[in-house]
Amino acid sequence: MSKELFRMENISKSFPGVKALDDVSFSVNVGEVHGLVGENGAGKSTLMKVMSGVYRADEGKIFIEDEEVNIDSVKKAQELGVSIIFQELMLCPHLTVADNIFIGRPPVKGGLIQDRSMNKEAQEILDDLGINIKAKSLVRELSVAQQQMVEIAKAISTNSKILVLDEPTAALTEKEIEQLFVIIRRLQEKGVGMVYISHRMDELEKICERITVIRDGQYIGTKKIEDLTMDELVNMIVGRPLDEKFPDHTRTIGDVKIEVKNLVGKKDIKVDNLQVRKGEILGFAGLMGSGRSEIARAIFGADAVVSKEIYIDGELVKINNVGDAVDLKIGYATEDRKHDGLALNLDVNFNTNMAHLKHLIKGGFIDDNEGRRNTQEYIEKLKTKTPHMRQRVGNLSGGNQQKIVLSKWLCNDVDILIVDEPTRGIDVGAKFEVYELLNNLSDQGVAIIMISSELPELLGMTDRILVVHEGEFNGEFKTTETTQEELLYYAAGYNLLEKKVETIGEPVVA
């Protein structure tokens with residue numbers, strides 16, 4: 001039986017209008033990876049912020065190695081060996097890896113920072129963890145996966161014995177995820193206890209020993225991974241069985257809605273011919289960095305191009321900027337919702353209506369009442385969890401933020417919708433709701449481009465899939481006639497089967 005390292009008992013935490021945690025208990029053993037799961041807004045992040053000193057609990061106790069402690073600040077948590085690595089990395093890109101590892105506490109002698117000894121110690125930490133990064137490298141030159149490993153090294157440099165990883169693989173490739181798991185296993189060998197927050201069921205099976213589920217701020221249960229099926233876990237998370245990962249749906253596809261020709265971007269992208277039909281969901285597959293998002297951004301007018309021809313309903317149109325695209329009833333739910341999709345410091349009402357403001361103007365003034373009606377309608381339609389429409393969007397969970405990104409475009413009555421990683425970082429129940437929403441939009445004749453790193457998602461939701469490799473389409477497949485393995489071959493740049501599919505846009509039933 002592993003020795004208990006950390007324990008939280010009967011933790012409760014309230015915010016104005018909502019009880020985020022209600023009598024929740026949680027523990028981590030020495031060298032254990034303990035999964036913490038739940039729907040978006042269930043209280044996972046709040047519990048971890050209490051654990052790491054960002055918030056103070058209203059009620060409850062915290063114990064480290066059976067000794068009760070008072071964690072009233074992030075600094076106190078770090079002194080006690082508790083560190084959290086947030087989904088949004090907290091690094092200074094213009095500084096070196098060593099500077100970031102020892103930020104706020106560099107070795108000083110005679111009033112001067114000892115760069116040589118700091119670089120040496122940082123390199124020793126990196127080498128000990130098996131992280132192949134030079135301490136003198138600038139953080140801005142590193143990949144997202146490497147930056148995440150720098151965050152881990154920073155936490156370990158403070159002698160952390162309890163580490164919280166919040167959605168650590170959200171922006172990583174499969175290879176980078178395996179590298180991260182190697183680091184996690186090294187930390188286990190050193191006795192570090194870890195809390196692993198993720199919505200990816202396959203990862204939980206690979207890396208966790210126990211899983212705790214919380215729902216609506218309440219503790220649901222803790223089980224060993226070997227005693228738990230994925231169906232049981234989903235049932236615990238959402239409070240009901242989800243018989244299918246993807247909604248059953250028969251789709252009717254109409255005429256070509258949008259056609260893109262001779263698209264040459266300034267970011268090494270090239271599209272000779274692309275068509276999406278009314279009511280169709282077209283998938284973009286490809287490895288990270290393949291150019292999927294860059295193609296979408298160029299179509300939407302967010303990135304400058306060398307050339308492009310875009311036809312909507314057979315008519316040549318000009319899209320020189322995002323405003324042109326919005327006027328043509330094109331929406332783009334961006335991959336990076338926090339930076340490109342939302343105004344985090346503003347409320348739900350503003351964010352819902354931000355792309356729709358010109359339609360709310362009556363007599364030179366914005367009709368606030370109509371705007372509020374829009375917001376309430378989409379809060380109800382998408383089942384967005386928010387105490388009220390005046391809630392600051394930055395205070396909502398990732399899944400609820402994603403629903404507001406979608407609401408922003410839906411209230412604009414789009415005819416063409418691009419969704420880039422639409423379910424990244426959201427729970428299984430919310431995913432199903434997003435899938436149903438996309439199906440409903442396709443039923444209304446909306447032409448949809450769906451970009452996703454999750455191949456099962458593309459295979460479960462789309463009619464056709466285009467594989468992007470180095471900024472160009474390297475294969476086109478009817479979804480019902482391809483496999484994950486085939487898509488991966490083409491994503492890696494191979495044309496193994498020389499497969500020629502039927503005419504783009506020929507009506508398909510999914």
# chains A, B, ... in the order shown; residues from 1 in each chain; ligands from 1
call {"tool": "closest_atom_pairs", "arguments": {"of": "range 400-452 of chain A", "to": "range 24-43 of chain A", "cutoff": "8 Å", "atoms": "only C-alpha atoms", "output": "CSV"}}
result
residue,atom,partner,partner_atom,distance
A:Asn400,CA,A:Asn40,CA,6.9
A:Ile426,CA,A:Asn40,CA,6.2
A:Asp427,CA,A:Glu39,CA,5.0
A:Val428,CA,A:Glu39,CA,7.2
A:Gly429,CA,A:Glu39,CA,6.9
A:Ala430,CA,A:Glu39,CA,7.3
call {"tool": "residues_around", "arguments": {"residues": "Ile184 in chain A", "least_positions_apart": "6", "cutoff": "10 Å", "atoms": "only C-alpha atoms", "output": "PyMOL selection string"}}
result
chain A and resi 31-33+129+152+178+190+192-194+207
call {"tool": "write_last_selection", "arguments": {"atoms": "all heavy atoms", "output": "mmCIF file, in the first residue's frame"}}
result
data_model
loop_
_atom_site.group_PDB
_atom_site.id
_atom_site.type_symbol
_atom_site.label_atom_id
_atom_site.label_comp_id
_atom_site.auth_asym_id
_atom_site.auth_seq_id
_atom_site.Cartn_x
_atom_site.Cartn_y
_atom_site.Cartn_z
ATOM 1 N N GLY A 31 4.549 8.988 -5.317
ATOM 2 C CA GLY A 31 4.838 8.381 -6.607
ATOM 3 C C GLY A 31 3.615 8.005 -7.430
ATOM 4 O O GLY A 31 3.729 7.277 -8.419
ATOM 5 N N GLU A 32 2.443 8.524 -7.074
ATOM 6 C CA GLU A 32 1.214 8.179 -7.787
ATOM 7 C C GLU A 32 0.841 9.249 -8.809
ATOM 8 O O GLU A 32 1.074 10.443 -8.593
ATOM 9 C CB GLU A 32 0.057 8.046 -6.788
ATOM 10 C CG GLU A 32 -1.281 7.726 -7.450
ATOM 11 C CD GLU A 32 -2.476 7.818 -6.505
ATOM 12 O OE1 GLU A 32 -2.385 8.555 -5.498
ATOM 13 O OE2 GLU A 32 -3.483 7.152 -6.781
ATOM 14 N N VAL A 33 0.257 8.813 -9.929
ATOM 15 C CA VAL A 33 -0.413 9.732 -10.846
ATOM 16 C C VAL A 33 -1.909 9.497 -10.662
ATOM 17 O O VAL A 33 -2.424 8.428 -10.974
ATOM 18 C CB VAL A 33 -0.018 9.484 -12.314
ATOM 19 C CG1 VAL A 33 -0.740 10.475 -13.222
ATOM 20 C CG2 VAL A 33 1.483 9.605 -12.500
ATOM 21 N N LEU A 129 16.049 14.866 -15.520
ATOM 22 C CA LEU A 129 14.692 14.487 -15.936
ATOM 23 C C LEU A 129 14.663 13.891 -17.342
ATOM 24 O O LEU A 129 13.610 13.464 -17.810
ATOM 25 C CB LEU A 129 13.777 15.725 -15.893
ATOM 26 C CG LEU A 129 13.428 16.259 -14.505
ATOM 27 C CD1 LEU A 129 12.693 17.586 -14.619
ATOM 28 C CD2 LEU A 129 12.576 15.257 -13.739
ATOM 29 N N ILE A 152 7.794 21.924 -16.027
ATOM 30 C CA ILE A 152 7.994 20.815 -15.085
ATOM 31 C C ILE A 152 9.338 20.966 -14.383
ATOM 32 O O ILE A 152 9.437 20.797 -13.166
ATOM 33 C CB ILE A 152 7.899 19.464 -15.822
ATOM 34 C CG1 ILE A 152 6.464 19.231 -16.293
ATOM 35 C CG2 ILE A 152 8.356 18.313 -14.921
ATOM 36 C CD1 ILE A 152 6.290 18.003 -17.179
ATOM 37 N N GLU A 178 4.105 10.964 -25.675
ATOM 38 C CA GLU A 178 4.926 9.855 -25.172
ATOM 39 C C GLU A 178 6.162 10.374 -24.444
ATOM 40 O O GLU A 178 6.577 9.826 -23.419
ATOM 41 C CB GLU A 178 5.340 8.939 -26.328
ATOM 42 C CG GLU A 178 4.213 8.058 -26.851
ATOM 43 C CD GLU A 178 3.585 7.198 -25.753
ATOM 44 O OE1 GLU A 178 4.336 6.663 -24.915
ATOM 45 O OE2 GLU A 178 2.348 7.065 -25.725
ATOM 46 N N LYS A 190 10.974 9.178 -8.513
ATOM 47 C CA LYS A 190 11.537 10.058 -7.493
ATOM 48 C C LYS A 190 10.569 10.288 -6.333
ATOM 49 O O LYS A 190 10.863 11.034 -5.401
ATOM 50 C CB LYS A 190 11.922 11.406 -8.115
ATOM 51 C CG LYS A 190 13.024 11.319 -9.171
ATOM 52 C CD LYS A 190 13.260 12.677 -9.820
ATOM 53 C CE LYS A 190 14.333 12.595 -10.901
ATOM 54 N NZ LYS A 190 15.662 12.267 -10.339
ATOM 55 N N VAL A 192 7.525 11.708 -6.576
ATOM 56 C CA VAL A 192 6.641 12.856 -6.747
ATOM 57 C C VAL A 192 5.213 12.356 -6.970
ATOM 58 O O VAL A 192 4.972 11.450 -7.772
ATOM 59 C CB VAL A 192 7.084 13.727 -7.944
ATOM 60 C CG1 VAL A 192 6.099 14.880 -8.179
ATOM 61 C CG2 VAL A 192 8.494 14.272 -7.714
ATOM 62 N N GLY A 193 4.259 12.915 -6.235
ATOM 63 C CA GLY A 193 2.852 12.606 -6.442
ATOM 64 C C GLY A 193 2.247 13.608 -7.406
ATOM 65 O O GLY A 193 2.512 14.814 -7.289
ATOM 66 N N MET A 194 1.469 13.117 -8.358
ATOM 67 C CA MET A 194 0.947 14.014 -9.396
ATOM 68 C C MET A 194 -0.570 13.897 -9.544
ATOM 69 O O MET A 194 -1.133 12.809 -9.428
ATOM 70 C CB MET A 194 1.611 13.690 -10.733
ATOM 71 C CG MET A 194 3.023 14.234 -10.852
ATOM 72 S SD MET A 194 3.963 13.466 -12.191
ATOM 73 C CE MET A 194 4.496 11.943 -11.394
ATOM 74 N N ILE A 207 -1.662 6.279 -17.928
ATOM 75 C CA ILE A 207 -0.753 6.956 -17.004
ATOM 76 C C ILE A 207 -1.221 6.977 -15.552
ATOM 77 O O ILE A 207 -0.412 7.167 -14.641
ATOM 78 C CB ILE A 207 -0.483 8.404 -17.506
ATOM 79 C CG1 ILE A 207 0.852 8.939 -16.970
ATOM 80 C CG2 ILE A 207 -1.636 9.326 -17.180
ATOM 81 C CD1 ILE A 207 2.052 8.288 -17.554
#
call {"tool": "residues_around", "arguments": {"residues": "range 472-478 of chain A", "least_positions_apart": "4", "cutoff": "7 Å", "atoms": "only C-alpha atoms", "output": "number ranges by chain"}}
result
A: 269-271, 463-468, 482, 490, 501
call {"tool": "select_by_dssp", "arguments": {"residues": "range 173-283 of chain A", "states": "helix (DSSP H, G or I)", "output": "PyMOL selection string"}}
result
chain A and resi 174-189+201-207+225-227+230-238
call {"tool": "closest_residue", "arguments": {"among": "A:Ser137, A:Asn70, A:Gln188, A:Ser83", "to": "Ala153 in chain A", "atoms": "only C-alpha atoms"}}
result
A:Ser83
call {"tool": "atom_distance", "arguments": {"atom1": "CA of Ala343 in chain A", "atom2": "CA of Lys431 in chain A"}}
result
22.7 Å
call {"tool": "residues_around", "arguments": {"residues": "range 7-17 of chain A", "least_positions_apart": "3", "cutoff": "9 Å", "atoms": "only C-alpha atoms", "output": "mmCIF file with all heavy atoms, in the first residue's frame"}}
result
data_model
loop_
_atom_site.group_PDB
_atom_site.id
_atom_site.type_symbol
_atom_site.label_atom_id
_atom_site.label_comp_id
_atom_site.auth_asym_id
_atom_site.auth_seq_id
_atom_site.Cartn_x
_atom_site.Cartn_y
_atom_site.Cartn_z
ATOM 1 N N GLU A 4 0.401 7.717 1.837
ATOM 2 C CA GLU A 4 -0.316 8.932 1.445
ATOM 3 C C GLU A 4 0.603 10.142 1.568
ATOM 4 O O GLU A 4 1.297 10.313 2.567
ATOM 5 C CB GLU A 4 -1.550 9.113 2.322
ATOM 6 C CG GLU A 4 -2.433 10.269 1.872
ATOM 7 C CD GLU A 4 -3.675 10.405 2.731
ATOM 8 O OE1 GLU A 4 -3.561 10.999 3.830
ATOM 9 O OE2 GLU A 4 -4.723 9.893 2.327
ATOM 10 N N ALA A 20 -18.877 26.423 -6.056
ATOM 11 C CA ALA A 20 -17.982 25.703 -6.963
ATOM 12 C C ALA A 20 -17.581 24.341 -6.414
ATOM 13 O O ALA A 20 -17.412 23.387 -7.178
ATOM 14 C CB ALA A 20 -16.737 26.543 -7.236
ATOM 15 N N LEU A 21 -17.411 24.234 -5.094
ATOM 16 C CA LEU A 21 -17.035 22.968 -4.447
ATOM 17 C C LEU A 21 -17.905 22.764 -3.218
ATOM 18 O O LEU A 21 -18.121 23.696 -2.440
ATOM 19 C CB LEU A 21 -15.561 22.979 -4.035
ATOM 20 C CG LEU A 21 -14.520 23.084 -5.138
ATOM 21 C CD1 LEU A 21 -13.128 23.284 -4.543
ATOM 22 C CD2 LEU A 21 -14.531 21.849 -6.037
ATOM 23 N N ASP A 22 -18.384 21.531 -3.049
ATOM 24 C CA ASP A 22 -19.280 21.240 -1.937
ATOM 25 C C ASP A 22 -18.848 19.943 -1.263
ATOM 26 O O ASP A 22 -19.162 18.840 -1.721
ATOM 27 C CB ASP A 22 -20.716 21.119 -2.456
ATOM 28 C CG ASP A 22 -21.734 20.913 -1.338
ATOM 29 O OD1 ASP A 22 -21.351 21.024 -0.158
ATOM 30 O OD2 ASP A 22 -22.904 20.637 -1.654
ATOM 31 N N ASP A 23 -18.021 20.057 -0.198
ATOM 32 C CA ASP A 23 -17.635 18.905 0.617
ATOM 33 C C ASP A 23 -16.858 17.863 -0.199
ATOM 34 O O ASP A 23 -17.178 16.675 -0.201
ATOM 35 C CB ASP A 23 -18.884 18.272 1.244
ATOM 36 C CG ASP A 23 -18.542 17.343 2.404
ATOM 37 O OD1 ASP A 23 -17.535 17.587 3.091
ATOM 38 O OD2 ASP A 23 -19.284 16.358 2.608
ATOM 39 N N VAL A 24 -15.799 18.313 -0.895
ATOM 40 C CA VAL A 24 -15.005 17.431 -1.757
ATOM 41 C C VAL A 24 -13.742 16.973 -1.026
ATOM 42 O O VAL A 24 -13.051 17.775 -0.404
ATOM 43 C CB VAL A 24 -14.603 18.154 -3.063
ATOM 44 C CG1 VAL A 24 -13.696 17.271 -3.917
ATOM 45 C CG2 VAL A 24 -15.848 18.550 -3.848
ATOM 46 N N SER A 25 -13.447 15.680 -1.119
ATOM 47 C CA SER A 25 -12.222 15.118 -0.557
ATOM 48 C C SER A 25 -11.391 14.486 -1.672
ATOM 49 O O SER A 25 -11.947 13.970 -2.650
ATOM 50 C CB SER A 25 -12.543 14.074 0.515
ATOM 51 O OG SER A 25 -13.212 14.680 1.614
ATOM 52 N N PHE A 26 -10.057 14.513 -1.486
ATOM 53 C CA PHE A 26 -9.147 14.054 -2.550
ATOM 54 C C PHE A 26 -7.786 13.775 -1.937
ATOM 55 O O PHE A 26 -7.350 14.480 -1.021
ATOM 56 C CB PHE A 26 -9.037 15.151 -3.621
ATOM 57 C CG PHE A 26 -8.180 14.799 -4.801
ATOM 58 C CD1 PHE A 26 -8.677 13.996 -5.811
ATOM 59 C CD2 PHE A 26 -6.886 15.276 -4.897
ATOM 60 C CE1 PHE A 26 -7.893 13.675 -6.904
ATOM 61 C CE2 PHE A 26 -6.091 14.967 -5.984
ATOM 62 C CZ PHE A 26 -6.599 14.159 -7.000
ATOM 63 N N SER A 27 -7.082 12.752 -2.422
ATOM 64 C CA SER A 27 -5.750 12.450 -1.888
ATOM 65 C C SER A 27 -4.812 11.982 -2.993
ATOM 66 O O SER A 27 -5.256 11.519 -4.050
ATOM 67 C CB SER A 27 -5.841 11.364 -0.809
ATOM 68 O OG SER A 27 -6.236 10.123 -1.371
ATOM 69 N N VAL A 28 -3.512 12.100 -2.741
ATOM 70 C CA VAL A 28 -2.472 11.644 -3.667
ATOM 71 C C VAL A 28 -1.430 10.890 -2.858
ATOM 72 O O VAL A 28 -1.008 11.357 -1.789
ATOM 73 C CB VAL A 28 -1.797 12.825 -4.401
ATOM 74 C CG1 VAL A 28 -0.782 12.309 -5.415
ATOM 75 C CG2 VAL A 28 -2.822 13.697 -5.088
ATOM 76 N N ASN A 29 -0.999 9.737 -3.368
ATOM 77 C CA ASN A 29 0.027 8.942 -2.709
ATOM 78 C C ASN A 29 1.411 9.258 -3.253
ATOM 79 O O ASN A 29 1.564 9.860 -4.322
ATOM 80 C CB ASN A 29 -0.261 7.446 -2.893
ATOM 81 C CG ASN A 29 -1.539 7.013 -2.198
ATOM 82 O OD1 ASN A 29 -1.926 7.579 -1.189
ATOM 83 N ND2 ASN A 29 -2.206 6.013 -2.758
ATOM 84 N N THR A 46 -11.014 24.610 -9.742
ATOM 85 C CA THR A 46 -11.171 25.282 -8.447
ATOM 86 C C THR A 46 -10.510 24.468 -7.338
ATOM 87 O O THR A 46 -9.801 25.019 -6.478
ATOM 88 C CB THR A 46 -12.664 25.484 -8.127
ATOM 89 O OG1 THR A 46 -13.272 26.237 -9.171
ATOM 90 C CG2 THR A 46 -12.843 26.227 -6.813
ATOM 91 N N LEU A 47 -10.713 23.149 -7.358
ATOM 92 C CA LEU A 47 -10.094 22.286 -6.347
ATOM 93 C C LEU A 47 -8.580 22.373 -6.407
ATOM 94 O O LEU A 47 -7.904 22.475 -5.373
ATOM 95 C CB LEU A 47 -10.547 20.839 -6.559
ATOM 96 C CG LEU A 47 -10.088 19.828 -5.503
ATOM 97 C CD1 LEU A 47 -10.703 20.141 -4.143
ATOM 98 C CD2 LEU A 47 -10.430 18.397 -5.924
ATOM 99 N N VAL A 50 -7.316 25.660 -5.025
ATOM 100 C CA VAL A 50 -7.282 25.617 -3.554
ATOM 101 C C VAL A 50 -6.040 24.872 -3.101
ATOM 102 O O VAL A 50 -5.327 25.290 -2.183
ATOM 103 C CB VAL A 50 -8.559 24.947 -3.004
ATOM 104 C CG1 VAL A 50 -8.419 24.673 -1.504
ATOM 105 C CG2 VAL A 50 -9.786 25.825 -3.263
ATOM 106 N N MET A 51 -5.766 23.761 -3.764
ATOM 107 C CA MET A 51 -4.605 22.933 -3.434
ATOM 108 C C MET A 51 -3.290 23.699 -3.589
ATOM 109 O O MET A 51 -2.355 23.535 -2.801
ATOM 110 C CB MET A 51 -4.607 21.711 -4.356
ATOM 111 C CG MET A 51 -3.475 20.732 -4.171
ATOM 112 S SD MET A 51 -3.725 19.354 -5.335
ATOM 113 C CE MET A 51 -2.340 18.311 -4.903
ATOM 114 N N TYR A 55 -6.623 29.953 -4.521
ATOM 115 C CA TYR A 55 -7.825 30.265 -3.747
ATOM 116 C C TYR A 55 -7.673 29.704 -2.337
ATOM 117 O O TYR A 55 -6.942 28.724 -2.123
ATOM 118 C CB TYR A 55 -9.076 29.619 -4.360
ATOM 119 C CG TYR A 55 -9.473 30.071 -5.733
ATOM 120 C CD1 TYR A 55 -10.117 29.188 -6.598
ATOM 121 C CD2 TYR A 55 -9.231 31.374 -6.178
ATOM 122 C CE1 TYR A 55 -10.511 29.580 -7.875
ATOM 123 C CE2 TYR A 55 -9.620 31.769 -7.449
ATOM 124 C CZ TYR A 55 -10.250 30.864 -8.292
ATOM 125 O OH TYR A 55 -10.632 31.263 -9.542
ATOM 126 N N ARG A 56 -8.394 30.317 -1.407
ATOM 127 C CA ARG A 56 -8.501 29.762 -0.056
ATOM 128 C C ARG A 56 -9.866 29.103 0.089
ATOM 129 O O ARG A 56 -10.895 29.668 -0.296
ATOM 130 C CB ARG A 56 -8.352 30.860 1.004
ATOM 131 C CG ARG A 56 -6.958 31.451 1.068
ATOM 132 C CD ARG A 56 -6.782 32.313 2.300
ATOM 133 N NE ARG A 56 -6.822 31.528 3.530
ATOM 134 C CZ ARG A 56 -6.575 32.019 4.735
ATOM 135 N NH1 ARG A 56 -6.273 33.299 4.876
ATOM 136 N NH2 ARG A 56 -6.630 31.256 5.802
ATOM 137 N N ALA A 57 -9.885 27.899 0.646
ATOM 138 C CA ALA A 57 -11.148 27.186 0.839
ATOM 139 C C ALA A 57 -11.986 27.882 1.901
ATOM 140 O O ALA A 57 -11.454 28.451 2.863
ATOM 141 C CB ALA A 57 -10.875 25.745 1.245
ATOM 142 N N ASP A 58 -13.320 27.839 1.725
ATOM 143 C CA ASP A 58 -14.224 28.374 2.747
ATOM 144 C C ASP A 58 -14.313 27.402 3.923
ATOM 145 O O ASP A 58 -14.449 27.816 5.075
ATOM 146 C CB ASP A 58 -15.629 28.587 2.160
ATOM 147 C CG ASP A 58 -15.627 29.572 1.005
ATOM 148 O OD1 ASP A 58 -14.758 30.470 1.002
ATOM 149 O OD2 ASP A 58 -16.476 29.433 0.104
ATOM 150 N N GLU A 59 -14.258 26.109 3.603
ATOM 151 C CA GLU A 59 -14.310 25.063 4.625
ATOM 152 C C GLU A 59 -13.397 23.923 4.211
ATOM 153 O O GLU A 59 -13.090 23.762 3.036
ATOM 154 C CB GLU A 59 -15.745 24.514 4.768
ATOM 155 C CG GLU A 59 -16.781 25.527 5.199
ATOM 156 C CD GLU A 59 -18.184 24.922 5.193
ATOM 157 O OE1 GLU A 59 -18.314 23.716 5.492
ATOM 158 O OE2 GLU A 59 -19.131 25.653 4.860
ATOM 159 N N GLY A 60 -12.979 23.121 5.190
ATOM 160 C CA GLY A 60 -12.184 21.934 4.905
ATOM 161 C C GLY A 60 -10.758 22.027 5.416
ATOM 162 O O GLY A 60 -10.306 23.092 5.861
ATOM 163 N N LYS A 61 -10.055 20.892 5.320
ATOM 164 C CA LYS A 61 -8.681 20.805 5.818
ATOM 165 C C LYS A 61 -7.767 20.209 4.756
ATOM 166 O O LYS A 61 -8.200 19.432 3.905
ATOM 167 C CB LYS A 61 -8.640 19.924 7.072
ATOM 168 C CG LYS A 61 -9.431 20.478 8.259
ATOM 169 C CD LYS A 61 -9.368 19.529 9.444
ATOM 170 C CE LYS A 61 -10.152 20.080 10.636
ATOM 171 N NZ LYS A 61 -10.102 19.161 11.809
ATOM 172 N N ILE A 62 -6.486 20.576 4.846
ATOM 173 C CA ILE A 62 -5.469 20.055 3.932
ATOM 174 C C ILE A 62 -4.339 19.459 4.769
ATOM 175 O O ILE A 62 -3.876 20.077 5.740
ATOM 176 C CB ILE A 62 -4.929 21.158 3.001
ATOM 177 C CG1 ILE A 62 -6.063 21.723 2.135
ATOM 178 C CG2 ILE A 62 -3.802 20.628 2.118
ATOM 179 C CD1 ILE A 62 -5.647 22.879 1.240
ATOM 180 N N PHE A 63 -3.884 18.267 4.366
ATOM 181 C CA PHE A 63 -2.804 17.581 5.074
ATOM 182 C C PHE A 63 -1.698 17.214 4.092
ATOM 183 O O PHE A 63 -1.963 16.774 2.974
ATOM 184 C CB PHE A 63 -3.315 16.292 5.731
ATOM 185 C CG PHE A 63 -4.391 16.504 6.762
ATOM 186 C CD1 PHE A 63 -5.713 16.637 6.384
ATOM 187 C CD2 PHE A 63 -4.072 16.571 8.114
ATOM 188 C CE1 PHE A 63 -6.711 16.827 7.318
ATOM 189 C CE2 PHE A 63 -5.057 16.765 9.059
ATOM 190 C CZ PHE A 63 -6.384 16.894 8.668
ATOM 191 N N ILE A 64 -0.458 17.417 4.504
ATOM 192 C CA ILE A 64 0.705 16.936 3.756
ATOM 193 C C ILE A 64 1.480 16.005 4.673
ATOM 194 O O ILE A 64 1.897 16.411 5.768
ATOM 195 C CB ILE A 64 1.598 18.093 3.266
ATOM 196 C CG1 ILE A 64 0.839 18.952 2.246
ATOM 197 C CG2 ILE A 64 2.885 17.546 2.633
ATOM 198 C CD1 ILE A 64 1.619 20.125 1.700
ATOM 199 N N GLU A 65 1.615 14.748 4.247
ATOM 200 C CA GLU A 65 2.265 13.700 5.047
ATOM 201 C C GLU A 65 1.674 13.669 6.461
ATOM 202 O O GLU A 65 2.395 13.686 7.460
ATOM 203 C CB GLU A 65 3.778 13.908 5.065
ATOM 204 C CG GLU A 65 4.394 13.736 3.674
ATOM 205 C CD GLU A 65 5.888 14.001 3.636
ATOM 206 O OE1 GLU A 65 6.357 14.865 4.418
ATOM 207 O OE2 GLU A 65 6.570 13.368 2.832
ATOM 208 N N ASP A 66 0.332 13.678 6.506
ATOM 209 C CA ASP A 66 -0.456 13.549 7.742
ATOM 210 C C ASP A 66 -0.376 14.756 8.676
ATOM 211 O O ASP A 66 -0.912 14.724 9.783
ATOM 212 C CB ASP A 66 -0.059 12.286 8.527
ATOM 213 C CG ASP A 66 -0.698 11.048 7.933
ATOM 214 O OD1 ASP A 66 -1.778 11.177 7.335
ATOM 215 O OD2 ASP A 66 -0.107 9.962 8.057
ATOM 216 N N GLY A 217 -19.438 20.227 -8.676
ATOM 217 C CA GLY A 217 -18.794 20.645 -7.434
ATOM 218 C C GLY A 217 -18.837 19.628 -6.314
ATOM 219 O O GLY A 217 -18.422 19.934 -5.199
ATOM 220 N N PRO A 387 -23.375 31.693 -14.090
ATOM 221 C CA PRO A 387 -24.360 32.184 -13.125
ATOM 222 C C PRO A 387 -25.282 33.238 -13.709
ATOM 223 O O PRO A 387 -26.439 33.353 -13.316
ATOM 224 C CB PRO A 387 -23.509 32.748 -11.982
ATOM 225 C CG PRO A 387 -22.137 32.926 -12.547
ATOM 226 C CD PRO A 387 -21.991 31.899 -13.624
ATOM 227 N N HIS A 388 -24.776 34.006 -14.690
ATOM 228 C CA HIS A 388 -25.585 35.039 -15.348
ATOM 229 C C HIS A 388 -24.815 35.526 -16.577
ATOM 230 O O HIS A 388 -23.619 35.254 -16.732
ATOM 231 C CB HIS A 388 -25.887 36.211 -14.409
ATOM 232 C CG HIS A 388 -24.693 36.647 -13.612
ATOM 233 N ND1 HIS A 388 -23.661 37.365 -14.163
ATOM 234 C CD2 HIS A 388 -24.373 36.450 -12.312
ATOM 235 C CE1 HIS A 388 -22.739 37.600 -13.229
ATOM 236 N NE2 HIS A 388 -23.143 37.055 -12.101
#
call {"tool": "residues_around", "arguments": {"residues": "Gln146 in chain A", "least_positions_apart": "5", "cutoff": "10 Å", "atoms": "only C-alpha atoms", "output": "PyMOL selection string"}}
result
chain A and resi 131-133+139+141+151-152+172+176+179-180
call {"tool": "closest_residue", "arguments": {"among": "A:Ile379, A:Ala325, A:Ala285, A:Ile361", "to": "Gly471 in chain A", "atoms": "only C-alpha atoms"}}
result
A:Ala285
call {"tool": "atom_distance", "arguments": {"atom1": "CA of Ser52 in chain A", "atom2": "CA of Asp166 in chain A"}}
result
12.1 Å
call {"tool": "residues_around", "arguments": {"residues": "Lys408 in chain A", "least_positions_apart": "3", "cutoff": "8 Å", "atoms": "only C-alpha atoms", "output": "ChimeraX atom specification"}}
result
/A:351-356,404-405,411-412
call {"tool": "closest_residue", "arguments": {"among": "A:Ile237, A:Val305, A:Val256, A:Leu126", "to": "Asp268 in chain A", "atoms": "only C-alpha atoms"}}
result
A:Val305
call {"tool": "closest_residue", "arguments": {"among": "A:Ser117, A:Ser45, A:Asn369, A:Gln402", "to": "Leu382 in chain A", "atoms": "only C-alpha atoms"}}
result
A:Gln402
call {"tool": "residues_around", "arguments": {"residues": "Phe181 in chain A", "least_positions_apart": "4", "cutoff": "12 Å", "atoms": "only C-alpha atoms", "output": "ChimeraX atom specification"}}
result
/A:33,129-131,145,149,165,168-169,172,174-177,185-188,196,203-204,206-208
call {"tool": "atom_distance", "arguments": {"atom1": "CA of Asn159 in chain A", "atom2": "CA of Ile125 in chain A"}}
result
10.9 Å
call {"tool": "closest_residue", "arguments": {"among": "A:His94, A:Lys358, A:Lys161, A:Arg105", "to": "Leu138 in chain A", "atoms": "only C-alpha atoms"}}
result
A:His94
call {"tool": "closest_residue", "arguments": {"among": "A:Val414, A:Ala304, A:Leu459, A:Leu357", "to": "Leu328 in chain A", "atoms": "only C-alpha atoms"}}
result
A:Val414
call {"tool": "select_by_dssp", "arguments": {"residues": "range 122-332 of chain A", "states": "strand (DSSP E)", "output": "ChimeraX atom specification"}}
result
/A:162-166,193-197,210-215,218-224,256-265,270-277,281-285,305-312,315-317,330-332
